[in-house]
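Presented below is the structure to which this report refers.
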Amino acid sequence: MASIDEAKQFVPLNIAVLTVSDTRALADDKSGQTLADRLTAAGHHLAAREIVTDDVEAIRAVIRRWITDAGIDVVITTGGTGFTGRDVTPEAIEPLFEKRMDGFSIAFHMLSHAKIGTSTIQSRATAGVAGATYIFCLPGSPGACRDGWDGILAAQLDYRTRPCNFVEIMPRLDEHLRRPKAQGATV
């Protein structure tokens with residue numbers, strides 16, 4: 001079972017939040033706000049926050065900009081992971097992945113199934129690594145964002161989590177890029 005190693009110092013990450021929606025604005029973006037509130041309450045920095053329409057090229061443009069930004073360690077998207085014609089977040093982002101994180105989708109669906117049952121199959125939550133940046137794509141509901149953050153991301157983005165976490169391997173993600181990430185984390 002995961003635990004917090006209090007002997008280690010918390011390492012704040014720079015996290016960007018992208019809401020994918022044809023109908024939302026910052027004023028009524030509950031899902032993006034849920035993520036922003038949770039990540040800052042945990043001690044991380046909100047590096048950027050945007051809303052983009054359900055358009056493959058528009059989504060990719062923001063993600064490409066963020067994965068080349070040395071000031072962004074993690075990207076979390078919300079929205080566009082369903083099955084309607086306008087849901088294109090996985091199609092936009094997965095081709096950018098250098099490495100897929102299949103375990104994230106499995107963990108998200110297990111967590112979601114415990115709360116909403118078989119309705120979890122209506123989500124195509126996905127994650128991966130691109131340009132030494134972690135990217136997590138969550139569904140567009142505030143509940144799914146709470147579940148994804150509270151049940152998975154809060155622990156995995158905390159350097160103190162044992163037996164392992166994503167922060168401790170960040171310095172090695174960019175070995176091929178020579179780009180500094182997660183200042184203060186050591187392997």
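Simple scheme: letters A, B, ... for chains in structure tokens order, numbers from 1 for residues in each chain, numbers from 1 for ligands in the order shown.
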Original post:
Can you tell me, as a ChimeraX atom specification, what residues are no more than 8 Å from range 129-136 of chain A when counting only C-alpha atoms, ignoring any on the same chain fewer than 6 positions away?
Top reply: /A:67-68,72-77,96-101,170,173-174,177,181
Please, could you write that set of residues out with C-alpha atoms as a PDB file, in the first residue's frame?
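Result file follows (result-v7.pdb):
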```
ATOM      1  CA  ILE A  67       5.433  19.998 -23.794  1.00  0.00           C
ATOM      2  CA  THR A  68       8.179  22.226 -25.216  1.00  0.00           C
ATOM      3  CA  ILE A  72       5.659  22.851 -17.393  1.00  0.00           C
ATOM      4  CA  ASP A  73       6.171  19.427 -15.828  1.00  0.00           C
ATOM      5  CA  VAL A  74       2.669  17.965 -16.123  1.00  0.00           C
ATOM      6  CA  VAL A  75      -0.395  18.558 -18.301  1.00  0.00           C
ATOM      7  CA  ILE A  76      -3.864  17.496 -17.212  1.00  0.00           C
ATOM      8  CA  THR A  77      -6.720  17.738 -19.667  1.00  0.00           C
ATOM      9  CA  LEU A  96       2.187  12.878 -29.404  1.00  0.00           C
ATOM     10  CA  PHE A  97       3.031  10.299 -26.728  1.00  0.00           C
ATOM     11  CA  GLU A  98       6.556   8.934 -26.747  1.00  0.00           C
ATOM     12  CA  LYS A  99       5.387   6.406 -24.167  1.00  0.00           C
ATOM     13  CA  ARG A 100       1.835   5.387 -23.307  1.00  0.00           C
ATOM     14  CA  MET A 101       0.789   4.928 -19.709  1.00  0.00           C
ATOM     15  CA  MET A 170      11.338  12.890 -13.809  1.00  0.00           C
ATOM     16  CA  LEU A 173      12.631  11.140 -18.370  1.00  0.00           C
ATOM     17  CA  ASP A 174      14.542  13.828 -20.150  1.00  0.00           C
ATOM     18  CA  LEU A 177      16.555  16.011 -23.999  1.00  0.00           C
ATOM     19  CA  LYS A 181      12.565  18.901 -14.646  1.00  0.00           C
TER      20      LYS A 181
END
```
**OP:** Name the residues of range 5-176 of chain A that fall into alpha helix (DSSP H) according to DSSP on the backbone, using the chain letters and numbers of this document, as number ranges by chain.
**Re:** A: 30-41, 56-67, 89-93, 102-116, 142-148, 154-156, 170-173
**OP:** Select, from A:Leu13, A:Val62, A:Ala27, A:Glu57, the residue with the minimum atom-to-atom distance to His45 in chain A, counting only C-alpha atoms.
**Re:** A:Leu13
Subject >> From A:Ile4, A:Val11, A:Leu111, A:Leu138, residue lying nearest Arg124 in chain A [only C-alpha atoms] >> reply: A:Leu138
**OP:** For CA of Gln156 in chain A and CA of Leu18 in chain A, determine how far apart the two atoms are, in Å to one decimal place.
**Re:** 19.3 Å
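Among the candidate residues A:Val20, A:Ala2, A:Ala144, A:Ile63, the one lying nearest to His113 in chain A is A:Ala144, with distances computed using only C-alpha atoms.
Separating CA of Ser105 in chain A from CA of Ala25 in chain A is a distance of 27.1 Å.
The shortest atom-to-atom distance to Asp87 in chain A, with only C-alpha atoms taken into account, belongs to A:Asp22 out of A:Glu175, A:Asp22, A:Glu6, A:Asp69.
The set of residues in range 94-161 of chain A assigned to strand (DSSP E) by DSSP, using only backbone atoms of this structure, is Lys99, Arg100, Thr126, Ala127, Gly128, Val129, Ala130, Thr133, Tyr134, Ile135, Phe136, Cys137, Leu138 and Thr161 of chain A.
When only C-alpha atoms are used to measure the gap to Arg38 in chain A, the shortest distance among A:Arg172, A:Arg65, A:Arg160, A:Arg146 belongs to A:Arg146.
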